[in-house]
$ cat target.cif   # mmCIF, C-alpha atoms
data_coords
loop_
_atom_site.label_atom_id
_atom_site.label_comp_id
_atom_site.auth_asym_id
_atom_site.auth_seq_id
_atom_site.Cartn_x
_atom_site.Cartn_y
_atom_site.Cartn_z
CA MET A 26 0.00 0.00 0.00
CA PHE A 27 2.78 2.46 0.95
CA LEU A 28 4.75 1.75 -2.23
CA GLU A 29 1.70 2.37 -4.41
CA GLU A 30 1.03 5.65 -2.60
CA ILE A 31 4.56 6.99 -3.09
CA LYS A 32 4.51 5.89 -6.74
CA LYS A 33 1.26 7.83 -7.17
CA GLU A 34 2.73 10.91 -5.46
CA ALA A 35 5.86 10.74 -7.63
CA THR A 36 3.73 10.45 -10.76
CA GLN A 37 1.69 13.49 -9.72
CA ALA A 38 4.82 15.51 -8.95
CA ALA A 39 6.29 14.64 -12.36
CA ASN A 40 3.07 15.62 -14.15
CA ASP A 41 2.94 18.92 -12.24
CA LEU A 42 6.58 19.70 -13.03
CA LEU A 43 6.09 18.79 -16.68
CA GLU A 44 3.29 21.32 -16.90
CA VAL A 45 4.85 24.22 -14.97
CA ALA A 46 8.41 23.87 -16.32
CA ASN A 47 7.46 23.69 -20.01
CA LEU A 48 9.76 20.71 -20.50
CA LYS A 49 10.50 19.43 -24.00
CA LYS A 50 11.98 16.33 -25.56
CA GLY A 51 15.69 16.11 -24.73
CA ASP A 52 15.44 18.20 -21.55
CA ILE A 53 16.94 16.89 -18.30
CA VAL A 54 15.24 16.70 -14.90
CA VAL A 55 17.55 16.13 -11.95
CA ILE A 56 16.06 14.01 -9.17
CA GLY A 57 17.60 14.04 -5.72
CA CYS A 58 15.92 11.48 -3.51
CA SER A 59 16.36 10.28 0.04
CA THR A 60 14.38 7.08 0.33
CA SER A 61 15.13 7.23 4.05
CA GLU A 62 13.16 10.49 4.29
CA VAL A 63 10.40 9.07 2.07
CA CYS A 64 10.07 6.21 4.56
CA GLY A 65 9.92 8.63 7.51
CA GLN A 66 13.51 8.22 8.71
CA LYS A 67 16.51 10.56 8.92
CA ILE A 68 18.32 11.13 5.61
CA GLY A 69 20.95 8.44 5.05
CA GLY A 70 19.66 6.21 7.81
CA ALA A 71 17.28 3.72 6.20
CA SER A 72 17.84 3.43 2.47
CA SER A 73 15.00 1.56 0.75
CA PRO A 74 15.54 -0.09 -2.65
CA GLU A 75 11.81 -0.93 -2.75
CA ALA A 76 10.80 2.71 -2.30
CA ALA A 77 13.37 3.73 -4.93
CA GLU A 78 11.85 1.31 -7.43
CA ALA A 79 8.34 2.67 -6.82
CA LEU A 80 9.51 6.28 -7.16
CA PHE A 81 11.53 5.52 -10.30
CA GLU A 82 8.52 3.81 -11.91
CA GLY A 83 6.26 6.77 -11.12
CA LEU A 84 8.69 9.35 -12.49
CA THR A 85 9.66 7.44 -15.64
CA SER A 86 6.02 6.76 -16.47
CA VAL A 87 5.68 10.53 -17.04
CA PHE A 88 9.09 11.64 -18.31
CA ALA A 89 10.14 8.73 -20.57
CA PRO A 90 7.17 8.94 -23.00
CA LYS A 91 7.97 12.65 -23.49
CA GLY A 92 11.65 11.99 -24.22
CA ILE A 93 12.76 13.80 -21.06
CA TYR A 94 15.86 12.44 -19.35
CA ILE A 95 16.06 11.72 -15.63
CA ALA A 96 19.37 12.54 -13.96
CA ALA A 97 19.59 10.69 -10.65
CA GLN A 98 21.72 12.53 -8.11
CA CYS A 99 23.86 10.29 -5.93
CA CYS A 100 24.32 10.89 -2.23
CA GLU A 101 27.23 12.71 -0.62
CA HIS A 102 29.32 9.51 -0.45
CA LEU A 103 29.72 9.76 -4.24
CA ASN A 104 30.06 13.56 -4.13
CA ARG A 105 26.52 13.99 -5.53
CA ALA A 106 27.56 12.56 -8.90
CA ILE A 107 24.83 12.05 -11.49
CA ILE A 108 23.60 8.82 -13.06
CA ILE A 109 22.10 9.49 -16.47
CA GLU A 110 21.56 7.95 -19.90
CA LYS A 111 24.69 8.35 -22.01
CA ALA A 112 22.56 9.74 -24.87
CA ALA A 113 21.65 12.75 -22.69
CA VAL A 114 25.27 13.78 -22.19
CA PRO A 115 27.17 12.72 -25.32
CA PHE A 116 30.13 15.04 -24.70
CA ALA A 117 30.36 14.83 -20.91
CA GLU A 118 33.37 13.43 -19.12
CA ILE A 119 32.26 10.09 -17.71
CA VAL A 120 33.50 8.90 -14.33
CA ASN A 121 33.74 5.31 -13.16
CA VAL A 122 31.37 4.45 -10.35
CA VAL A 123 28.37 2.17 -9.88
CA PRO A 124 25.99 3.41 -7.17
CA GLN A 125 24.87 1.14 -4.34
CA PRO A 126 22.14 1.77 -1.75
CA LYS A 127 24.67 2.90 0.90
CA ALA A 128 27.11 4.58 -1.51
CA GLY A 129 25.17 6.58 -4.04
CA GLY A 130 21.69 5.93 -2.71
CA SER A 131 18.82 3.62 -3.55
CA PHE A 132 17.28 5.96 -6.15
CA ALA A 133 20.54 6.32 -8.12
CA THR A 134 21.01 2.55 -7.83
CA ALA A 135 17.53 1.97 -9.29
CA ALA A 136 18.22 4.43 -12.11
CA TYR A 137 21.52 2.71 -12.93
CA ALA A 138 19.74 -0.67 -13.05
CA HIS A 139 16.93 0.55 -15.32
CA PHE A 140 18.65 2.93 -17.73
CA GLU A 141 19.52 1.49 -21.14
CA ASN A 142 23.08 2.84 -21.14
CA PRO A 143 23.79 4.41 -17.73
CA VAL A 144 26.83 6.57 -17.10
CA ALA A 145 28.06 8.59 -14.16
CA VAL A 146 29.14 12.20 -14.51
CA GLU A 147 30.31 14.64 -11.87
CA GLU A 148 28.03 17.48 -12.91
CA ILE A 149 25.28 18.60 -15.27
CA ARG A 150 23.09 21.65 -15.77
CA ALA A 151 19.52 20.35 -15.69
CA ASP A 152 16.43 22.15 -16.97
CA ALA A 153 14.31 21.33 -13.90
CA GLY A 154 14.47 19.26 -10.75
CA LEU A 155 12.72 17.49 -7.93
CA ASP A 156 14.34 17.41 -4.50
CA ILE A 157 12.74 14.62 -2.49
CA GLY A 158 13.86 14.79 1.12
CA GLY A 159 16.34 17.67 1.24
CA THR A 160 19.10 16.31 -1.01
CA LEU A 161 20.25 19.72 -2.30
CA ILE A 162 19.95 19.45 -6.10
CA GLY A 163 20.76 23.11 -6.79
CA MET A 164 24.33 22.37 -7.84
CA HIS A 165 22.96 20.46 -10.84
CA LEU A 166 20.48 23.05 -12.13
CA LYS A 167 21.12 25.70 -14.76
CA LYS A 168 22.15 29.06 -13.30
CA VAL A 169 18.73 30.72 -12.99
CA ALA A 170 16.62 28.30 -10.97
CA VAL A 171 13.03 29.27 -10.24
CA PRO A 172 11.23 27.51 -7.38
CA VAL A 173 7.81 26.16 -8.31
CA ARG A 174 4.89 24.90 -6.27
CA LEU A 175 3.36 21.55 -7.12
CA SER A 176 0.05 20.04 -6.05
CA VAL A 177 2.02 17.66 -3.80
CA ASP A 178 4.53 18.92 -1.26
CA HIS A 179 5.54 15.56 0.21
CA ILE A 180 6.32 12.12 -1.12
CA GLY A 181 5.78 9.74 1.74
CA GLY A 182 7.44 11.41 4.73
CA ALA A 183 9.85 13.48 2.60
CA ILE A 184 9.46 17.17 1.85
CA LEU A 185 9.26 17.78 -1.90
CA LEU A 186 10.78 20.89 -3.47
CA ALA A 187 10.74 21.59 -7.20
CA ALA A 188 12.44 24.00 -9.57
CA ARG A 189 12.47 24.96 -13.19
CA THR A 190 15.12 27.05 -14.88
CA ARG A 191 15.08 29.94 -17.32
CA PRO A 192 17.71 31.73 -19.38
CA LYS A 193 19.45 34.71 -17.77
CA PHE A 194 18.16 38.18 -18.55
CA ILE A 195 20.89 40.38 -19.97
CA GLY A 196 20.84 44.01 -21.01
CA GLY A 197 19.33 47.01 -19.39
CA ILE A 198 16.39 49.34 -19.76
CA ARG A 199 16.39 49.06 -23.57
CA ALA A 200 16.48 45.27 -23.67
CA HIS A 201 13.52 43.25 -24.92
CA TYR A 202 12.94 39.64 -23.94
CA ASP A 203 11.36 36.58 -25.58
CA GLU A 204 8.27 35.86 -23.49
CA ASN A 205 8.38 32.20 -24.59
CA MET A 206 11.65 31.72 -22.71
CA LEU A 207 10.34 32.82 -19.33
#

$ encode --input "target.cif" --output "C-alpha cells"
Amino acid sequence: MFLEEIKKEATQAANDLLEVANLKKGDIVVIGCSTSEVCGQKIGGASSPEAAEALFEGLTSVFAPKGIYIAAQCCEHLNRAIIIEKAAVPFAEIVNVVPQPKAGGSFATAAYAHFENPVAVEEIRADAGLDIGGTLIGMHLKKVAVPVRLSVDHIGGAILLAARTRPKFIGGIRAHYDENML
C-alpha cells in the first residue's frame, strides 16, 4: 500500500513539473531522492531499494514517453555525482562508479539498473528538478533556478521541493525579452 502511494505521489509531482516547467523532448530533470526520508527516517539512515523502485517507476512513467531524461543525483558519499543515460550527455566526461544503496543511494542505484546505457558524470546543468527529502539538487540546475509549487509537497514522509530554470536576462532598460523563454 505504501509503495503504491509513493509511486502515485511521484507520478503526480512529475506531471505537475512537466506542466509548470514547459519541459521538452531532450530536456533533463535532476532528481535528488532520500528514500530514508520518504520512509519517515533521517536522511541516510534507512535506504529503501523498494521505495526507490516505486519512485523511479512513477517518475519514468511521465518523463520517458515525453523523451525527457532523468538525472539521478547520488548521495554525498559519491560527491553527488549524477547517473544518467549516455545519450543525454554525449560530450560529458564520464567517471567510473556504480551506485549502491549505501554509496550513491537507492534511487541512483535503481536508475543505474533501469537505464539502457547508464553513465556517471560529476556534474550537469539540468532544466528542472525534484528534491525529495532535502538532497540539495541546486548544484545540478542551470544558473537561474526558479522555485515552483506543485500540487504535492511531500512524497511519503519526505518534503518535496521543485524547480524549473530559465535563461538569464541580460541588457538594461532598452532590452527586450522573448516571453516564450520565461

$ residues_around --input "target.cif" --residues "region 52-69 of chain A" --least-positions-apart "3" --cutoff "9 Å" --atoms "only C-alpha atoms" --output "ChimeraX atom specification"
/A:27,31,48-49,72-77,80,88,92-100,105,107,113,127,130-133,149-162,165-166,179-184,189

$ atom_distance --input "target.cif" --atom1 "CA of Asp203 (chain A)" --atom2 "CA of Arg174 (chain A)"
23.5 Å

$ atom_distance --input "target.cif" --atom1 "CA of Val122 (chain A)" --atom2 "CA of Leu103 (chain A)"
8.3 Å

$ closest_residue --input "target.cif" --among "A:Asp178, A:Gly70, A:Lys167, A:Thr85" --to "Pro126 (chain A)" --atoms "all atoms listed in the file"
A:Gly70

$ atom_distance --input "target.cif" --atom1 "CA of Ala117 (chain A)" --atom2 "CA of Val146 (chain A)"
7.0 Å

$ resolve_selection --input "target.cif" --expression "the PyMOL selection byres ((chain A and resi 119) around 9)" --output "PyMOL selection string"
chain A and resi 111+116-118+120-121+144-147

$ residues_near_point --input "target.cif" --point "(3.6, 15.9, -11.8)" --cutoff "12 Å" --atoms "all atoms listed in the file" --output "PyMOL selection string"
chain A and resi 32-48+83-88+154-155+173-178+180+185+187

$ resolve_selection --input "target.cif" --expression "the PyMOL selection byres ((chain A and resi 194) around 12)" --output "count of residues only"
16
